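Structure first, then comments.
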Amino acid sequence: MRASGRNIASTLTERAKERPGSPAVISPGRRGRPEQACTFEELDRRSDILAAGLTRVGIGAGARAALMVPPSIEMFSLVFAVFKAGAVPVIADPGLGAAAVGRCLAEAAPDAFIGVPLAQAARAALGWGRATIRRIVTTGRFRMGGGWTLRDLERLGERDLPFRTPPPGATAAVLFTSGSTGPPKGVVYTHDHFLAQVEALRATYSIEPGEVDLCTFPLFALFAPALGMTAVLPDMDPTRPARADPEKIVRDLIAYRVTNFFGSPALLRNLGRHGTARGTRLPSLRRIVSAGAPVPARVVEPVARMLAESVQVYTPYGATEVLPVTSIGSDEILQGTRALTDEGRGICVGRPVPGVEVEIIHVRDGTIERWSDDLRVPAGVTGEICVRGPMVTREYLARPDATRQAKIEAEPLGGGFFHRMGDVGWRDDAGRIWFCGRKSQRVVSGRSVLFTIPCEAVFNTHPRVARSALVALRGPAGVEPGLCVELERPSSHGERGKVSAELLEIGQRHEHTRAICRIYFHRSFPVDVRHNSKIAREKLARWAESRTSWA
């Protein structure tokens with residue numbers, strides 16, 4: 001990929017010239033606070049001032065700055081300011097937990113820490129980044145641990161206007177993965193990766209300037225100003241999307257005539273139930289986008305009924321390392337692919353988005369240094385999903401072994417590299433990709449290999465099952481498959497016995513699920529911290545093993 005020489009913050013400046021007086025960010029009035037709004041022109045100017053101030057205090061080109069500011073006008077201003085200053089934002093989810101955040105920051109070695117007072121207190125008390133952090137910026141009225149406030153930066157920055165953004169550095173940002181199947185890893189982004197993502201989202205979903213966005217995932221929300229959309233801040237805790245109040249989400253969707261809405265599968269599940277119970281309609285929406293984990297048809301269907309005719313619920317496939325990869329709409333899911341999903345073929349995630357190339361290769365656990373055509377498997381055969389394109393990131397921060405494991409040099413195909421998604425799936429004759437689960441979570445038992453999504457989908461057809469999880473049980477005689485089940489509502493021991501017998505009978509109808517003979521009922525599955533949707537099957541496996549009699 002040839003470098004463009006553009007900074008992702010240039011998209012904000014371009015939108016400010018096109019739509020200067022239009023609102024870029026709206027923070028609705030809540031809990032006695034008045035509504036706040038910031039126009040594109042104001043956001044561009046304020047981020048210029050803060051960028052100049054950051055540069056003045058030594059948080060400039062190449063400096064790494066850990067950023068812990070919740071969704072707010074301040075967050076938007078600071079993120080674009082850090083980009084404009086040429087600094088590198090380091091972003092790790094607070095929901096990872098204090099210890100994991102500490103490990104992320106130790107690995108990223110940030111020079112600066114920009115955060116709200118609570119984050120600064122945690123940093124000081126827990127020693128986050130103690131070895132490297134030398135500059136501190138606190139949002140709010142008071143300096144914490146020395147350093148500066150935003151008002152300090154504004155006073156310093158106003159002296160240096162107009163601010164000139166330095167040429168883009170080799171690294172634009174470090175975004176940590178959710179750590180749902182292993183330790184969080186820092187993904188290294190360039191500005192061209194971000195620019196490619198913006199263009200892919202615009203082209204795939206026909207997003208137009210002047211739209212209104214309600215995004216429940218902060219990192220996605222930052223795409224709104226770049227695309228010329230007004231970002232409305234939702235009334236929820238962004239670290240717990242599964243607990244978002246659907247009534248509050250609906251209130252904002254209607255009040256602000258939102259056209260674009262992103263929500264995790266867990267959030268959409270609750271939204272669909274709420275809408276079904278109340279007959280809610282959302283006439284302003286042009287699209288809903290849901291990602292972060294597989295989105296079952298039973299989640300998509302009730303949400304789709306809330307939308308105007310022809311408006312779609314899109315479920316793109318991707319990861320922190322590359323997004324988007326593929327996309328599919330609710331019409332195609334509900335009218336075509338869901339039946340095959342229920343039979344155990346996997347979940348269809350659609351066709352590759354423009355500019356992205358997807359290959360399915362033989363499943364291997366080791367490193368693959370260079371591409372060769374014999375890696376490919378035929379259409380219809382399940383293999384490992386690999387991706388190449390302009391938004392595919394090149395490396396993990398300070399993890400050369402993980403980078404080698406995840407990348408395949410592709411000189412025979414014209415250069416560049418493929419990223420190994422760590423997922424398994426297959427391609428159908430129409431060119432669509434079907435997702436079958438994480439490669440690391442497949443169950444290898446004897447000579448058989450079971451993939452999570454095709455097995456779980458069969459059992460999820462039971463009306464009492466909220467979700468299920470295939471797990472590998474490691475006993476004295478080797479590995480055997482087990483199924484953990486979360487029911488739609490609490491049940492008695494006798495009811496669970498009846499459901500268990502019915503599930504075993506369902507499993508016997510399909511060749512690939514006949515070996516599953518152990519059922520475990522779990523009250524509430526452990527899930528990832530980012531979207532509250534990816535099932536932590538490794539934790540469930542250990543829990544199930546502790547309850548297994550191997551006699």
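By convention here, the chains of the structure tokens are called A, B, ... in the order presented, each chain's residues are numbered starting at 1, and ligands are numbered starting at 1 in the order presented.
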
Next on the checklist: Residues within 10 Å of range 260-269 of chain A, please, as number ranges by chain. Count only C-alpha atoms; anything in the same chain fewer than 3 positions from it doesn't count.
Outcome noted: A: 205, 207, 211-217, 220-221, 224, 229-232, 240-246, 249, 253, 257, 272-274, 284-296, 298-303, 313-315, 527, 530-534

Next on the checklist: Set the distance at 12 Å and use only C-alpha atoms: which residues neighbour Ala119 in chain A once local chain neighbours fewer than 5 positions away are removed? I'd like the list as number ranges by chain.
Outcome noted: A: 66-70, 93-94, 98, 101-102, 113-114, 124-128, 136-140, 144-145
